[in-house]
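Q: Just dropping this structure here.
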Amino acid sequence: MASVFEYAPAPESRSIVDIAPSYGLFIDGEFTEAADGKVFKTVSPSTEEVLSEIAQAGEADVDRAVKAARKAFEKWSALPGSERAKYLFRIARIIQERSRELAVLETLDNGKPIKETRDADLPLVAAHFFYYAGWADKLDHAGFGTSPKPLGVAGQVIPWNFPLLMLAWKIAPALATGNTVVLKPAETTPLSALFFADICRQAGLPKGVVNILPGYGDTGAALVAHPDVNKVAFTGSTAVGKEIARTVAGTRKKLTLELGGKGANIVFDDAPIDQAVEGIVNGIFFNQGQVCCAGSRLLVQESIQDELLDSLKRRLSTLRLGDPLDKNTDIGAINSAEQLSRITSLVEQGTAEGAEPWSPECELPSSGYWFAPTLFTNVTQAHTIARDEIFGPVLSVLTFRTPDEAVAKANNTQYGLSAGIWSEKGSRILAVANRLRAGVVWSNTFNKFDPTSPFGGYKESGFGREGGRHGLEAYLAPSSPEGER
Amino acid sequence: MPTTAPAARALADVTASDGTLRRFLHGLPGVDAVGLEARAASLGTRSIKTTAKAYAIDLAIAMVDLTTLEGADTPGKVRALGAKAVRPDPTDRTTPSTAAVCVYPDMVATAKAAVAGSSVKVASVATAFPAGRAAIGVKLADVREAVAAGADEIDMVIDRGAFLAGDYMKVYDEITAVKEACGTSARLKVIFETGELSTYDNIRRASWLGMLAGADFIKTSTGKVAVNATPANTLLMLEAVRDFRAQTGVQVGVKPAGGIRTTKDAIKFLVLVNETVGEDWLDNHWFRFGASSLLNDLLMQRQKLATGRYSGPDYVTVD
Amino acid sequence: MNAVERLTVLKTYKLYVGGRFPRSESGRVYEVTDSKNNWLANAPLSSRKDARDAVVAARKAFGAWSGATAYNRGQILYRVAEMLEGRKAQFTREVADAEGLSKSKAADQVDATIDRWVWYAGWTDKIAQVIGGANPVAGPYFNLSSPEPTGVVAVLAPQKSSFLGLVSVLAPVIATGSTAVVVASEHAPLPALSLGEVLATSDVPGGVVNILSGRTAEIATPLASHQDVNAIDLAGADELLAKELEIAAADNLKRVLRPQPVDKVDWSATPGIDRMTAFLETKTVWHPTGSLGASGSSY
């Protein structure tokens with residue numbers, strides 16, 4: 001947006017974070033090289049600058065880490081809950097103390113705007129540890145039987161879109177319930193997990209309780225398949241989720257999956273229109289749309305389509321795309337070249353299938369991975385861009401005529417993670433919320449998260465819940481009196 | 001600039017009767033308070049540095065309606081205020097003048113003389129400010145006197161009692177009558193006293209009501225109640241003038257007043273303007289700050305930018 | 001003169017699908033015997049098409065059943081218990097035959113089964129309060145988590161406990177609002193098929209429970225891979241079959257309840273809530289609250 005009021009660059013200082021030229025695996029409290037000496041590079045998606053060289057865990061390392069976690073499990077699970085709680089409180093506090101450093105780090109490694117890491121990711125990370133810390137000595141009252149037992153070693157595989165937040169969602173409840181952890185961060189965003197290893201050191205966490213194994217998909221597959229893992233938690237694509245479900249079939253491993261989505265954001269003609277526009281923008285452009293619960297399908301009541309689209313386009317024209325470290329940046333970089341090409345090819349497919357793309361005037365930086373905010377009109381349920389998860393800043397706009405039709409279209413997907421409803425009519429919100437097959441429904445808001453609020457999907461968006469009291473279940477042994485399961 | 005005519009033409013049927021007016025105002029899209037406040041807060045995190053800050057400070061100074069509305073106002077006080085408005089920083093002649101001084105009607109002549117020869121306008125509150133609890137004849141007389149004394153702008157208050165009682169036509173009629181009393185020489189600012197209207201839905205309705213009735217500016221508050229201008233209510237009013245122009249082609253100004261005391265606050269409001277209605281409103285013809293102490297903070301920040309040193313209250317004038 | 005002993009009228013056992021009692025579309029039956037290998041009946045040998053029809057019926061019934069009030073579901077389940085009570089003699093005989101139990105042991109099983117219906121009937125309108133509720137999020141939002149039924153659940157009934165085991169796995173599924181396609185115990189399907197007759201006369205809408213008899217593996221395989229089945233309870237599958245079915249179930253990410261090791265099951269124990277929560281989704285709804293407004297004049 002060219003204006004007489006041009007904001008001067010306002011970059012957050014990069015010097016607050018000190019990234020080492022190389023990092024090892026974190027096993028049994030020590031940083032160590034991979035057994036086969038393999039390494040990979042992590043780059044900053046906004047500049048393609050190499051940030052660091054990271055040890056790449058192989059099967060032997062997975063085995064070593066699982067053994068370390070197994071060894072640590074005995075003492076860790078036997079600790080009084082109140083002691084485990086204090087470790088987690090320590091971790092929460094250290095994250096708060098180091099949040100500015102971690103926010104810059106996350107922005108560098110992931111490409112998302114500093115505004116988001118500073119105001120969303122990091123506060124939520126600390127809050128999540130703080131929340132589950134308090135559960136550690138109250139598990140008897142959580143509704144999972146008296147003295148519920150931990151499962152053992154948790155193998156956790158997390159994605160690149162919220163690297164540290166997903167780590168928190170996985171590690172906090174696992175440790176609170178007395179499990180030990182082997183976690184594999186995504187190959188494009190390993191750094192914050194390795195900094196977390198240092199936080200564990202500062203907190204004095206017993207060695208082996210948390211092990212971090214950077215690597216690619218094969219590392220994750222080895223972890224999931226390891227026979228001495230008792231619990232598998234995965235956040236990522238539905239395709240990989242299904243593969244994991246097949247891998248653990250016939251074992252005693254407890255599985256929770258948080259997978260893809262194609263969230264419908266339903267705007268009725270009586271919506272608070274300006275807030276709806278903000279909610280739509282937040283729903284699909286938060287974190288460049290690389291959010292599993294993104295509101296990637298806008299279902300707008302046909303009678304207000306033109307008015308809403310005008311407002312939406314005007315609003316998109318004010319989005320500021322660019323240097324993720326600039327405090328005024330709204331849209332950062334796409335996380336990787338691979339993701340960028342996936343977005344690009346789906347958008348090309350959308351155009352080829354007859355949908356009409358629109359983007360605001362927007363200059364993309366010359367290096368790094370960028371995609372302009374895009375919305376598609378003339379989209380129907382039959383279009384690929386209305387069915388497949390794009391995981392990018394691309395909104396498909398569809399229309400409906402009646403609430404029934406809105407619900408039918410919203411539910412017409414194999415996914416069931418999130419949905420939004422915009423209306424000033426309370427009874428309509430409740431009726432529609434009731435009929436949506438989605439794990440999280442935001443009415444007159446979107447993309448809100450809280451450690452107390454369970455999150456997770458219906459249908460092929462996965463199973464199990466993270467957050468809240470519900471989030472404990474994934475890490476506790478079943479209490480069935482009929483016999484163990 | 002006569003604004004009533006085109007607006008009235010575009011939305012003539014709206015004000016045809018009490019019933020149509022009520023239906024129109026109640027048919028405006030609702031406002032979700034949490035979402036509105038979140039958007040205002042999010043724009044409040046914009047980081048305005050160096051050149052952008054320098055631009056914003058000068059713009060803000062030029063948008064100030066430097067105000068004194070005290071029972072204890074004297075000609076001396078008003079003259080001093082006028083001098084300050086014309087030359088806010090005597091040590092730096094590049095400092096812009098404020099947009100206006102804002103005084104009670106009986107001080108208009110004094111103020112007019114004090115700013116004579118400058119670009120500074122004289123605004124006068126009128127219509128039994130701040131409560132507005134007087135007969136319409138008294139209110140109109142108040143306005144006419146101020147206009148006759150040379151006021152360039154009239155800041156009227158609406159009848160909040162009538163508004164809250166649902167008597168929208170009465171509010172509308174009063175505004176149109178005051179507008180007429182302003183004649184062609186004075187621009188009309190309509191104060192809603194948003195703190196008394198209480199809800200955002202009311203503020204949106206009042207904004208449209210005021211614009212339909214011919215307001216040149218819509219203004220948040222008198223500065224005399226507990227809650228005055230806030231980022232959220234100003235954002236809401238900016239959305240209203242934006243939508244009104246889109247529907248009628250008529251541009252209306254916005255004036256947040258009361259409670260804006262620091263440069264940081266003022267810049268947040270300018271960001272709201274920039275990102276909600278854009279540069280068409282980034283001009284003191286269309287956006288004002290109703291304030292008094294704000295000016296000195298802007299001046300101190302301006303000196304800091306110019307010299308690199310932090311300034312202090314002894315280096316700006318107390319008038 | 002010796003009176004001729006009256007020849008009893010035998011029952012033709014049929015499937016229970018969509019509220020009706022069809023034979024297997026395949027026209028096949030198989031011989032069901034008691035523990036001493038005496039012939040009891042010919043049971044329908046269901047095919048994959050019967051499984052498909054049962055899923056269609058269960059899906060069709062899901063909307064109304066999940067949308068019924070929890071109180072209403074509780075009333076209907078309680079009605080099932082009332083009907084069972086009236087047919088105790090029949091079920092005692094069938095369970096005794098099926099499981100080789102003495103009449104009194106079988107009667108105990110039937111009593112426990114009826115009590116289990118009553119137990120679950122009472123759960124329908126309480127489970128949401130126990131496992132759902134408001135979450136105290138750090139912001140101006142009302143945030144409520146509620147359990148919702150997952151949809152169509154394929155239930156492989158336990159192979160040994162033909163009635164108590166069956167009801168112990170079926171009742172929690174329908175109490176919480178899902179609909180069920182039940183694969184009866186392969187060797188002892190008669191109590192399950194008779195249960196269909198009870199359900200049909202207990203106000204349970206057609207399609208809420210569908211009961212198939214036959215070879216567990218043959219029926220379960222298409223159910224496990226069926227894209228319109230949301231969950232599967234593997235109670236009646238052996239280790240090998242359970243693994244195969246779990247792999248197939250991954251195709252649409254069914255919720256899978258794995259079987260207990262057979263020697264560790266105690267159906268007579270009072271159940272926990274795990275069998276209900278296994279087939280419940282948690283939906284969390286957010287709504288802004290905000291303040292009432294800001295007002296007040298100070299002059």
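Identifiers for the structure tokens are assigned positionally: chains receive A, B, ... in sequence, residues are indexed from 1 per chain, and ligands are indexed from 1 in the order shown.
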For chain B, report every residue with an atom at most 7 Å from chain A (counting only C-alpha atoms), formatted as a PDB file with N, CA and C atoms, in the first residue's frame.
A:
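Everything below was put into out.pdb:
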```pdb
ATOM      1  N   PRO B  29     -24.918  -3.437  10.223  1.00  0.00           N
ATOM      2  CA  PRO B  29     -24.275  -4.643  10.756  1.00  0.00           C
ATOM      3  C   PRO B  29     -23.884  -4.447  12.218  1.00  0.00           C
ATOM      4  N   GLY B  30     -24.023  -5.505  12.987  1.00  0.00           N
ATOM      5  CA  GLY B  30     -23.654  -5.426  14.399  1.00  0.00           C
ATOM      6  C   GLY B  30     -22.146  -5.303  14.557  1.00  0.00           C
ATOM      7  N   VAL B  31     -21.754  -4.979  15.768  1.00  0.00           N
ATOM      8  CA  VAL B  31     -20.328  -4.854  16.069  1.00  0.00           C
ATOM      9  C   VAL B  31     -19.991  -5.879  17.143  1.00  0.00           C
ATOM     10  N   ASP B  32     -19.025  -6.714  16.887  1.00  0.00           N
ATOM     11  CA  ASP B  32     -18.555  -7.614  17.930  1.00  0.00           C
ATOM     12  C   ASP B  32     -17.459  -6.899  18.719  1.00  0.00           C
ATOM     13  N   GLY B  35     -13.886  -8.473  18.930  1.00  0.00           N
ATOM     14  CA  GLY B  35     -13.183  -8.417  17.653  1.00  0.00           C
ATOM     15  C   GLY B  35     -12.740  -7.006  17.321  1.00  0.00           C
ATOM     16  N   LEU B  36     -13.615  -6.046  17.581  1.00  0.00           N
ATOM     17  CA  LEU B  36     -13.265  -4.652  17.306  1.00  0.00           C
ATOM     18  C   LEU B  36     -12.068  -4.225  18.151  1.00  0.00           C
ATOM     19  N   ARG B  46       1.766  -1.590  15.817  1.00  0.00           N
ATOM     20  CA  ARG B  46       2.633  -1.105  14.745  1.00  0.00           C
ATOM     21  C   ARG B  46       3.791  -0.318  15.353  1.00  0.00           C
ATOM     22  N   SER B  47       4.940  -0.503  14.765  1.00  0.00           N
ATOM     23  CA  SER B  47       6.141   0.144  15.283  1.00  0.00           C
ATOM     24  C   SER B  47       6.515   1.271  14.325  1.00  0.00           C
ATOM     25  N   ILE B  48       6.311   2.500  14.755  1.00  0.00           N
ATOM     26  CA  ILE B  48       6.519   3.660  13.871  1.00  0.00           C
ATOM     27  C   ILE B  48       7.817   4.341  14.271  1.00  0.00           C
ATOM     28  N   LYS B  49       8.790   4.239  13.395  1.00  0.00           N
ATOM     29  CA  LYS B  49      10.143   4.672  13.737  1.00  0.00           C
ATOM     30  C   LYS B  49      10.642   5.750  12.775  1.00  0.00           C
ATOM     31  N   THR B  50      11.697   6.432  13.188  1.00  0.00           N
ATOM     32  CA  THR B  50      12.515   7.377  12.391  1.00  0.00           C
ATOM     33  C   THR B  50      11.687   8.276  11.484  1.00  0.00           C
ATOM     34  N   THR B  51      11.838   8.136  10.172  1.00  0.00           N
ATOM     35  CA  THR B  51      11.173   9.065   9.252  1.00  0.00           C
ATOM     36  C   THR B  51       9.661   9.003   9.384  1.00  0.00           C
ATOM     37  N   ALA B  52       9.145   7.795   9.585  1.00  0.00           N
ATOM     38  CA  ALA B  52       7.697   7.653   9.719  1.00  0.00           C
ATOM     39  C   ALA B  52       7.219   8.356  10.977  1.00  0.00           C
ATOM     40  N   GLU B 275      -4.662   2.721   8.116  1.00  0.00           N
ATOM     41  CA  GLU B 275      -4.981   1.356   7.683  1.00  0.00           C
ATOM     42  C   GLU B 275      -6.475   1.077   7.600  1.00  0.00           C
ATOM     43  N   GLU B 279      -5.034   7.322   3.091  1.00  0.00           N
ATOM     44  CA  GLU B 279      -4.422   8.645   3.096  1.00  0.00           C
ATOM     45  C   GLU B 279      -5.414   9.776   2.826  1.00  0.00           C
TER      46      GLU B 279
END
```
Q: Leaving out B:Ile191 and any residue of its chain fewer than 6 positions from it, which residues lie within 10 Å of it when counting only C-alpha atoms, given as a list of chain:residue names?
A: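 In the requested form, the answer reads B:Val125, B:Phe129, B:Pro130, B:Asp155, B:Met156, B:Val157, B:Ile158, B:Asp159, B:Arg160, B:Ala206, B:Ser207, B:Gly210, B:Ala215, B:Phe217, B:Ile218, B:Lys219, B:Thr220, B:Ser221, B:Thr222, B:Lys255, B:Pro256, B:Ala257.
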Q: Would you please work out which residue, of A:Glu473, A:Asp61, A:Glu49, A:Asp388, is nearest to A:Leu223 when using only C-alpha atoms?
A: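 Selected residue with least distance to A:Leu223: A:Asp61.
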Q: Please list as a PyMOL selection string every residue within 10 Å of B:Leu236, counting only C-alpha atoms and excluding residues in the same chain fewer than 2 positions away.
A: (chain A and resi 274) or (chain B and resi 31+36-37+40+200-201+203-204+207+230-234+238-242+272+276)
Q: May I have the residues of chain A within 7 Å of chain C, counting only C-alpha atoms, written as number ranges by chain?
A: A: 242, 245-246, 249-250, 438-445, 450, 452-454, 458-460, 462, 480-485
Q: I need the chosen residues saved as an mmCIF file, in the first residue's frame, with C-alpha atoms.
A:
```cif
data_model
loop_
_atom_site.group_PDB
_atom_site.id
_atom_site.type_symbol
_atom_site.label_atom_id
_atom_site.label_comp_id
_atom_site.auth_asym_id
_atom_site.auth_seq_id
_atom_site.Cartn_x
_atom_site.Cartn_y
_atom_site.Cartn_z
ATOM 1 C CA LYS A 242 -2.369 -42.696 8.069
ATOM 2 C CA ALA A 245 -1.609 -45.486 12.108
ATOM 3 C CA ARG A 246 -0.675 -48.480 9.943
ATOM 4 C CA ALA A 249 -1.463 -51.271 14.196
ATOM 5 C CA GLY A 250 -1.339 -54.434 16.226
ATOM 6 C CA ALA A 438 -15.311 -30.191 13.547
ATOM 7 C CA GLY A 439 -13.249 -30.324 16.700
ATOM 8 C CA VAL A 440 -12.960 -26.590 17.151
ATOM 9 C CA VAL A 441 -15.653 -24.115 16.250
ATOM 10 C CA TRP A 442 -14.936 -20.439 16.474
ATOM 11 C CA SER A 443 -17.998 -18.256 16.478
ATOM 12 C CA ASN A 444 -17.432 -14.579 15.786
ATOM 13 C CA THR A 445 -13.719 -15.145 16.161
ATOM 14 C CA ASP A 450 -5.455 -21.542 24.829
ATOM 15 C CA THR A 452 -7.014 -24.947 28.710
ATOM 16 C CA SER A 453 -8.935 -25.477 25.488
ATOM 17 C CA PRO A 454 -8.861 -28.954 23.913
ATOM 18 C CA TYR A 458 -12.974 -35.218 13.698
ATOM 19 C CA LYS A 459 -12.704 -37.615 10.784
ATOM 20 C CA GLU A 460 -9.430 -37.540 8.860
ATOM 21 C CA GLY A 462 -7.016 -37.106 13.365
ATOM 22 C CA SER A 480 -10.705 -49.811 32.182
ATOM 23 C CA PRO A 481 -11.835 -52.070 35.041
ATOM 24 C CA GLU A 482 -12.737 -54.714 32.462
ATOM 25 C CA GLY A 483 -9.071 -55.376 32.026
ATOM 26 C CA GLU A 484 -6.118 -53.673 30.472
ATOM 27 C CA ARG A 485 -6.246 -52.550 26.924
#
```
Q: Could you pull out the helix (DSSP H, G or I) residues of stretch 208-420 of chain A, going by DSSP on the backbone, and write them as JSON, numbers by chain?
A: {"A": [217, 218, 219, 220, 221, 222, 223, 224, 225, 238, 239, 240, 241, 242, 243, 244, 245, 246, 247, 248, 273, 274, 275, 276, 277, 278, 279, 280, 281, 282, 283, 284, 285, 286, 287, 288, 289, 302, 303, 304, 305, 306, 307, 308, 309, 310, 311, 312, 313, 314, 315, 316, 337, 338, 339, 340, 341, 342, 343, 344, 345, 346, 347, 348, 349, 350, 351, 352, 384, 385, 386, 387, 403, 404, 405, 406, 407, 408, 409, 410, 411]}
Q: Find the residues near A:Leu325: any atom within 9 Å, counting only C-alpha atoms, skip ones fewer than 4 places away on the same chain, and give them as a VMD selection string.
A: chain A and resid 10 to 14 104 107 to 108 111 to 115 329 332
Q: Any chance you could export the current selection's N, CA and C atoms as a compact mmCIF listing (two decimals), in the first residue's frame?
A:
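Saved file result-v9.txt follows:
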```txt
# COMPACT_ATOMS: atom_id res chain seq x y z
N ALA A 10 11.25 -1.34 10.78
CA ALA A 10 11.32 -1.43 12.24
C ALA A 10 11.76 -2.85 12.61
N PRO A 11 13.00 -3.20 12.25
CA PRO A 11 13.42 -4.58 12.46
C PRO A 11 13.71 -4.90 13.92
N GLU A 12 13.27 -6.06 14.35
CA GLU A 12 13.66 -6.57 15.66
C GLU A 12 15.13 -6.95 15.56
N SER A 13 15.85 -6.75 16.66
CA SER A 13 17.29 -6.98 16.63
C SER A 13 17.61 -8.46 16.55
N ARG A 14 18.40 -8.80 15.56
CA ARG A 14 18.78 -10.19 15.38
C ARG A 14 19.85 -10.61 16.38
N VAL A 104 12.74 -14.35 18.10
CA VAL A 104 13.60 -14.01 16.96
C VAL A 104 14.10 -15.29 16.29
N THR A 107 11.36 -16.90 14.26
CA THR A 107 11.11 -16.13 13.04
C THR A 107 12.20 -16.39 12.00
N LEU A 108 13.44 -16.47 12.46
CA LEU A 108 14.54 -16.72 11.54
C LEU A 108 14.42 -18.09 10.89
N GLY A 111 10.34 -18.31 9.27
CA GLY A 111 9.93 -17.33 8.27
C GLY A 111 8.68 -16.57 8.62
N LYS A 112 8.05 -16.91 9.75
CA LYS A 112 6.81 -16.22 10.13
C LYS A 112 7.15 -14.87 10.76
N PRO A 113 6.22 -13.92 10.72
CA PRO A 113 6.50 -12.58 11.22
C PRO A 113 6.81 -12.56 12.72
N ILE A 114 7.70 -11.68 13.10
CA ILE A 114 8.06 -11.52 14.51
C ILE A 114 6.83 -11.13 15.34
N LYS A 115 5.92 -10.41 14.71
CA LYS A 115 4.68 -10.03 15.39
C LYS A 115 3.97 -11.28 15.92
N THR A 329 5.51 -6.34 9.84
CA THR A 329 5.19 -7.32 8.80
C THR A 329 4.01 -8.19 9.21
N GLY A 332 4.76 -13.18 6.33
CA GLY A 332 6.17 -13.52 6.22
C GLY A 332 6.42 -14.46 5.05
```
Q: I'd like to know which residues of stretch 230-273 of chain A are strand (DSSP E or B) (by DSSP, run on the backbone); could you write them as a VMD selection string?
A: chain A and resid 231 to 235 254 to 258 264 to 267
Q: What is the distance, in Å and to one decimal place, between atom CA of A:Ala477 and atom CA of A:Ala60?
A: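 Distance reported for this atom pair: 28.0 Å.
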Q: Tell me which protein, DNA and RNA residues are within 10 Å of stretch 389-391 of chain A, counting only C-alpha atoms, leaving out same-chain ones fewer than 2 positions away, and put them as an NGL selection string.
A: :A and (161 or 237-238 or 260-263 or 284 or 287-294 or 296-297 or 334 or 339-340 or 342-347 or 384-387 or 393-395 or 415)
Q: Using only C-alpha atoms, which residue out of C:Asp203, C:Phe142, C:Arg23, C:Arg73 lies closest to B:Val34?
A: C:Phe142
